[in-house]
Amino acid sequence: MTEIEDMKDKKILVTGASIAGPTLAYWLNRYGFNVTVAERAPELRLGGQNIDVKGPAAEIARKMGIEEAIRAQNTTEVGLRFVNTRNKTVAEFPVESSLSMTQELEILRGDLVRILYDLTKVDVEYRFGEHITQLEQTNANVNVTFSSSRSELFDLVIAAEGIGSKTRELAFAKRPEFKFLGLYTAYLTITRSATDSSWARWCNAENGIVFLLRPDNHGETRASITFTATEDEYKGLSLEEQRSALIGRIRGSGWESERLIMEINKTSDLYFDRISQVKAPEWSEGRVAIVGDAAYCATPIAGKGTDLAMTGAYILAGELYTASTYQKAFEVYEQKMRPYVEKCQQLPPGIPGLVYPRTKIGVGLLNTVVSAFGSRPAKWVFSFFGKDKKAPKQEITLPDYLNTTDRSAN
């Protein structure tokens, strides 16, 4: 019996139950694989900020039949307002503007995780509070030892973890390059106040700080604080040390910094870390592969995390379904995805220097530029030549693997 004939009986372990992992599990299960998902956390991690489902991710969502479920969980955000530290609007870009970061399918990360989990939980085995502690590869399989001390054989292991993937460290001889972007960021959920509305508010402050407050569909506000820093400036801090460092950095910076300081002191969902891209030289090692942030994190600055996670999962699953061997599937997955990843990791000019000015003069100049882009003549030009007037260009080809006639073609 050939490898391809036996493929549907393959046992595949996916680690990580965020976005890439459940998306991958859905397609693998649909193609006939036996799929298990291991998640280090004791339950679904439903925190996180706004994400957008656009481009190839939106197309994959339609293929999965979850577009309307995503639309129903819309964050209610109507667009982006740039404000100064006196909370005066500098410029505003509604959702239909080509310059707005708000997308048609805007959803909280946790809400999308829940949708993907609900879609797959009946057909896919999820193991929470479980992670890999040891991997032993042979010509026939991978012997996996879990944190619970149980051992089990799998045909393939795919790590759909975060930037600091432990499974990647266990399986890969070569470490990825981490490209630090000169920024740290903090995310937290805060109590909604009278100053919040259905608009996202972006405020530049001195000392390289950007505040961003965004509405959600749960009656709260999602806050992010991003600022310039050296790579190891806040590395290895405890949670309380993170709170103290963050408060020390934003204290006295104006706008709603005092409100945010109070929220930082009481929040239970603070996330605080460096902003770095992952540039892995290889995305597979033997019978182990990586997908999503573990392989090619583009950072929130790029705005392509959901696109990359769902697209990589879709293509990897499809190649495993159609290829004659897993080696060929891993090879073609990388050939198809790497050009798209490299494009997504190209950041807009001015990151971080121009967008995160450190001086009062720099902040004033940036606000002047933003105000010019938000003026009525500029909006007319962008609406005429922008996304409103022509269909978006296809970013990457998504093959229809289910209708592939020759499964051994690859």
# chains A, B, ... in the order shown; residues from 1 in each chain; ligands from 1

$ select_by_dssp --residues "segment 46-240 of chain A" --states "strand (DSSP E or B)" --output "PyMOL selection string"
chain A and resi 50-52+79-83+89-94+106-108+125-128+132-137+142-146+151-154+156-159+177-191+199-205+209-215+220-228

$ closest_residue --among "A:Tyr271, A:Phe33, A:Tyr187, A:Phe227" --to "Ile351 of chain A" --atoms "only C-alpha atoms"
A:Phe227

$ atom_distance --atom1 "atom CA of Leu237 of chain A" --atom2 "atom CA of Thr185 of chain A"
13.9 Å

$ closest_residue --among "A:Thr221, A:Asn84, A:Thr191, A:Gln327" --to "Glu263 of chain A" --atoms "only C-alpha atoms"
A:Thr191

$ closest_atom_pairs --of "segment 76-167 of chain A" --to "segment 11-28 of chain A" --cutoff "9 Å" --atoms "only C-alpha atoms" --output "Markdown table"
| residue | atom | partner | partner_atom | distance |
| --- | --- | --- | --- | --- |
| A:Arg109 | CA | A:Ile19 | CA | 8.3 |
| A:Gly110 | CA | A:Ser18 | CA | 8.4 |
| A:Leu112 | CA | A:Ile19 | CA | 7.4 |
| A:Val113 | CA | A:Ser18 | CA | 5.7 |
| A:Arg114 | CA | A:Ser18 | CA | 9.0 |
| A:Leu116 | CA | A:Pro22 | CA | 5.9 |
| A:Tyr117 | CA | A:Pro22 | CA | 6.3 |
| A:Leu119 | CA | A:Tyr26 | CA | 7.7 |
| A:Thr120 | CA | A:Tyr26 | CA | 5.8 |
| A:Asp123 | CA | A:Tyr26 | CA | 8.4 |
| A:Val124 | CA | A:Ala25 | CA | 7.0 |
| A:Tyr126 | CA | A:Ala17 | CA | 8.4 |
| A:Phe128 | CA | A:Ala17 | CA | 8.9 |
| A:His131 | CA | A:Thr15 | CA | 7.4 |
| A:Ile132 | CA | A:Thr15 | CA | 8.2 |
| A:Leu153 | CA | A:Lys11 | CA | 8.2 |
| A:Phe154 | CA | A:Lys11 | CA | 5.2 |
| A:Asp155 | CA | A:Lys11 | CA | 5.3 |
| A:Leu156 | CA | A:Ile12 | CA | 4.9 |
| A:Val157 | CA | A:Leu13 | CA | 4.7 |
| A:Ile158 | CA | A:Val14 | CA | 4.9 |
| A:Ala159 | CA | A:Thr15 | CA | 4.9 |
| A:Ala160 | CA | A:Gly16 | CA | 5.1 |
| A:Glu161 | CA | A:Gly16 | CA | 5.0 |
| A:Gly162 | CA | A:Gly16 | CA | 8.1 |
| A:Thr167 | CA | A:Thr15 | CA | 8.0 |

$ write_last_selection --atoms "N, CA, C and O atoms" --output "JSON list (two decimals), in the first residue's frame"
[["chain", "number", "residue", "atom", "x", "y", "z"],
["A", 109, "ARG", "N", -10.13, 38.40, 19.09],
["A", 109, "ARG", "CA", -9.38, 37.16, 18.95],
["A", 109, "ARG", "C", -10.07, 36.01, 19.66],
["A", 109, "ARG", "O", -10.23, 34.91, 19.11],
["A", 110, "GLY", "N", -10.49, 36.24, 20.89],
["A", 110, "GLY", "CA", -11.14, 35.18, 21.66],
["A", 110, "GLY", "C", -12.43, 34.69, 21.05],
["A", 110, "GLY", "O", -12.76, 33.50, 21.13],
["A", 112, "LEU", "N", -13.12, 34.61, 17.82],
["A", 112, "LEU", "CA", -12.79, 33.76, 16.68],
["A", 112, "LEU", "C", -12.28, 32.40, 17.16],
["A", 112, "LEU", "O", -12.62, 31.36, 16.57],
["A", 113, "VAL", "N", -11.50, 32.38, 18.22],
["A", 113, "VAL", "CA", -11.04, 31.11, 18.80],
["A", 113, "VAL", "C", -12.24, 30.24, 19.18],
["A", 113, "VAL", "O", -12.26, 29.04, 18.91],
["A", 114, "ARG", "N", -13.24, 30.84, 19.80],
["A", 114, "ARG", "CA", -14.44, 30.10, 20.20],
["A", 114, "ARG", "C", -15.19, 29.55, 19.00],
["A", 114, "ARG", "O", -15.64, 28.40, 19.00],
["A", 116, "LEU", "N", -13.95, 28.76, 16.05],
["A", 116, "LEU", "CA", -13.17, 27.67, 15.47],
["A", 116, "LEU", "C", -13.24, 26.41, 16.33],
["A", 116, "LEU", "O", -13.32, 25.29, 15.82],
["A", 117, "TYR", "N", -13.20, 26.60, 17.64],
["A", 117, "TYR", "CA", -13.30, 25.45, 18.54],
["A", 117, "TYR", "C", -14.67, 24.77, 18.43],
["A", 117, "TYR", "O", -14.76, 23.55, 18.33],
["A", 119, "LEU", "N", -16.59, 24.73, 15.97],
["A", 119, "LEU", "CA", -16.69, 24.09, 14.65],
["A", 119, "LEU", "C", -16.01, 22.73, 14.64],
["A", 119, "LEU", "O", -16.42, 21.84, 13.89],
["A", 120, "THR", "N", -15.00, 22.54, 15.47],
["A", 120, "THR", "CA", -14.15, 21.34, 15.38],
["A", 120, "THR", "C", -14.26, 20.39, 16.57],
["A", 120, "THR", "O", -13.79, 19.25, 16.49],
["A", 123, "ASP", "N", -15.47, 16.59, 16.15],
["A", 123, "ASP", "CA", -14.69, 15.66, 15.32],
["A", 123, "ASP", "C", -13.22, 15.59, 15.67],
["A", 123, "ASP", "O", -12.51, 14.69, 15.20],
["A", 124, "VAL", "N", -12.74, 16.53, 16.45],
["A", 124, "VAL", "CA", -11.32, 16.61, 16.80],
["A", 124, "VAL", "C", -11.17, 16.46, 18.30],
["A", 124, "VAL", "O", -11.91, 17.07, 19.07],
["A", 126, "TYR", "N", -9.57, 17.41, 21.66],
["A", 126, "TYR", "CA", -8.80, 18.48, 22.27],
["A", 126, "TYR", "C", -8.33, 18.02, 23.65],
["A", 126, "TYR", "O", -9.11, 17.48, 24.44],
["A", 128, "PHE", "N", -6.65, 19.75, 26.84],
["A", 128, "PHE", "CA", -6.23, 20.98, 27.48],
["A", 128, "PHE", "C", -5.31, 20.67, 28.67],
["A", 128, "PHE", "O", -5.35, 19.59, 29.26],
["A", 131, "HIS", "N", 1.05, 19.62, 27.14],
["A", 131, "HIS", "CA", 2.04, 20.08, 26.17],
["A", 131, "HIS", "C", 3.15, 19.05, 26.05],
["A", 131, "HIS", "O", 3.30, 18.16, 26.88],
["A", 132, "ILE", "N", 3.92, 19.17, 24.98],
["A", 132, "ILE", "CA", 4.97, 18.21, 24.69],
["A", 132, "ILE", "C", 6.22, 18.53, 25.53],
["A", 132, "ILE", "O", 6.64, 19.67, 25.62],
["A", 153, "LEU", "N", 2.37, 7.55, 20.09],
["A", 153, "LEU", "CA", 2.95, 7.62, 18.75],
["A", 153, "LEU", "C", 2.03, 8.38, 17.81],
["A", 153, "LEU", "O", 0.82, 8.16, 17.79],
["A", 154, "PHE", "N", 2.62, 9.29, 17.03],
["A", 154, "PHE", "CA", 1.90, 10.03, 15.99],
["A", 154, "PHE", "C", 2.70, 9.93, 14.70],
["A", 154, "PHE", "O", 3.93, 9.81, 14.72],
["A", 155, "ASP", "N", 1.99, 10.01, 13.59],
["A", 155, "ASP", "CA", 2.68, 10.00, 12.30],
["A", 155, "ASP", "C", 3.34, 11.34, 12.02],
["A", 155, "ASP", "O", 4.44, 11.39, 11.47],
["A", 156, "LEU", "N", 2.67, 12.42, 12.41],
["A", 156, "LEU", "CA", 3.20, 13.76, 12.20],
["A", 156, "LEU", "C", 2.85, 14.63, 13.40],
["A", 156, "LEU", "O", 1.84, 14.42, 14.07],
["A", 157, "VAL", "N", 3.68, 15.64, 13.64],
["A", 157, "VAL", "CA", 3.40, 16.65, 14.67],
["A", 157, "VAL", "C", 3.53, 18.02, 14.02],
["A", 157, "VAL", "O", 4.50, 18.29, 13.31],
["A", 158, "ILE", "N", 2.54, 18.88, 14.25],
["A", 158, "ILE", "CA", 2.56, 20.23, 13.69],
["A", 158, "ILE", "C", 2.36, 21.23, 14.82],
["A", 158, "ILE", "O", 1.34, 21.20, 15.51],
["A", 159, "ALA", "N", 3.33, 22.11, 15.01],
["A", 159, "ALA", "CA", 3.27, 23.11, 16.06],
["A", 159, "ALA", "C", 2.61, 24.38, 15.52],
["A", 159, "ALA", "O", 3.15, 25.04, 14.64],
["A", 160, "ALA", "N", 1.43, 24.68, 16.04],
["A", 160, "ALA", "CA", 0.72, 25.92, 15.71],
["A", 160, "ALA", "C", 0.72, 26.80, 16.95],
["A", 160, "ALA", "O", -0.33, 27.18, 17.46],
["A", 161, "GLU", "N", 1.90, 27.08, 17.42],
["A", 161, "GLU", "CA", 2.08, 27.80, 18.69],
["A", 161, "GLU", "C", 2.49, 29.25, 18.44],
["A", 161, "GLU", "O", 2.50, 29.72, 17.30],
["A", 162, "GLY", "N", 2.85, 29.93, 19.52],
["A", 162, "GLY", "CA", 3.22, 31.33, 19.42],
["A", 162, "GLY", "C", 4.69, 31.52, 19.08],
["A", 162, "GLY", "O", 5.42, 30.58, 18.77],
["A", 167, "THR", "N", 7.64, 23.55, 21.29],
["A", 167, "THR", "CA", 7.73, 22.38, 20.40],
["A", 167, "THR", "C", 8.76, 22.62, 19.31],
["A", 167, "THR", "O", 9.53, 21.72, 18.95]]

$ select_by_dssp --residues "segment 238-270 of chain A" --states "helix (DSSP H, G or I)" --output "count of residues only"
22

$ residues_around --residues "segment 85-88 of chain A" --least-positions-apart "6" --cutoff "7 Å" --atoms "only C-alpha atoms" --output "JSON, numbers by chain"
{"A": [203, 205, 254, 255]}

$ residues_around --residues "Leu181 of chain A" --least-positions-apart "2" --cutoff "6 Å" --atoms "only C-alpha atoms" --output "ChimeraX atom specification"
/A:183,275-276

$ write_last_selection --atoms "N, CA, C and O atoms" --output "mmCIF file, in the first residue's frame"
data_model
loop_
_atom_site.group_PDB
_atom_site.id
_atom_site.type_symbol
_atom_site.label_atom_id
_atom_site.label_comp_id
_atom_site.auth_asym_id
_atom_site.auth_seq_id
_atom_site.Cartn_x
_atom_site.Cartn_y
_atom_site.Cartn_z
ATOM 1 N N LEU A 183 10.122 47.920 19.549
ATOM 2 C CA LEU A 183 8.887 48.253 20.245
ATOM 3 C C LEU A 183 8.518 47.187 21.268
ATOM 4 O O LEU A 183 8.787 46.002 21.075
ATOM 5 N N ILE A 275 7.945 43.260 20.532
ATOM 6 C CA ILE A 275 7.375 43.021 19.211
ATOM 7 C C ILE A 275 8.504 42.571 18.293
ATOM 8 O O ILE A 275 9.402 43.341 17.959
ATOM 9 N N SER A 276 8.457 41.312 17.915
ATOM 10 C CA SER A 276 9.503 40.735 17.069
ATOM 11 C C SER A 276 8.875 39.857 16.002
ATOM 12 O O SER A 276 7.859 39.197 16.247
#

$ closest_residue --among "A:Tyr340, A:Ala372, A:Arg358, A:Thr267" --to "Asp307 of chain A" --atoms "only C-alpha atoms"
A:Tyr340

$ closest_residue --among "A:Asn141, A:Asn265, A:Ser284, A:Asn207" --to "Phe172 of chain A" --atoms "only C-alpha atoms"
A:Ser284

$ closest_residue --among "A:Val37, A:Ala57, A:Leu212, A:Ile115" --to "Glu395 of chain A" --atoms "only C-alpha atoms"
A:Ala57

$ residues_around --residues "Glu77 of chain A" --least-positions-apart "4" --cutoff "8 Å" --atoms "only C-alpha atoms" --output "ChimeraX atom specification"
/A:102,106,198-200,214-216

$ residues_around --residues "Lys328 of chain A" --least-positions-apart "5" --cutoff "9 Å" --atoms "only C-alpha atoms" --output "number ranges by chain"
A: 319-320, 323, 333, 410

$ atom_distance --atom1 "atom CA of Ser100 of chain A" --atom2 "atom CA of Leu80 of chain A"
6.0 Å

$ residues_around --residues "segment 296-305 of chain A" --least-positions-apart "6" --cutoff "6 Å" --atoms "only C-alpha atoms" --output "mmCIF file with C-alpha atoms, in the first residue's frame"
data_model
loop_
_atom_site.group_PDB
_atom_site.id
_atom_site.type_symbol
_atom_site.label_atom_id
_atom_site.label_comp_id
_atom_site.auth_asym_id
_atom_site.auth_seq_id
_atom_site.Cartn_x
_atom_site.Cartn_y
_atom_site.Cartn_z
ATOM 1 C CA GLN A 277 9.081 38.943 13.766
ATOM 2 C CA VAL A 278 9.933 35.254 13.394
ATOM 3 C CA LYS A 279 12.076 34.345 10.397
ATOM 4 C CA GLN A 345 6.550 40.848 6.874
ATOM 5 C CA LEU A 347 6.380 46.783 7.224
#

$ closest_residue --among "A:Gly182, A:Ala38, A:Gly164, A:Lys174" --to "Ser147 of chain A" --atoms "only C-alpha atoms"
A:Ala38

$ atom_distance --atom1 "atom CA of Asp9 of chain A" --atom2 "atom CA of Glu334 of chain A"
23.8 Å
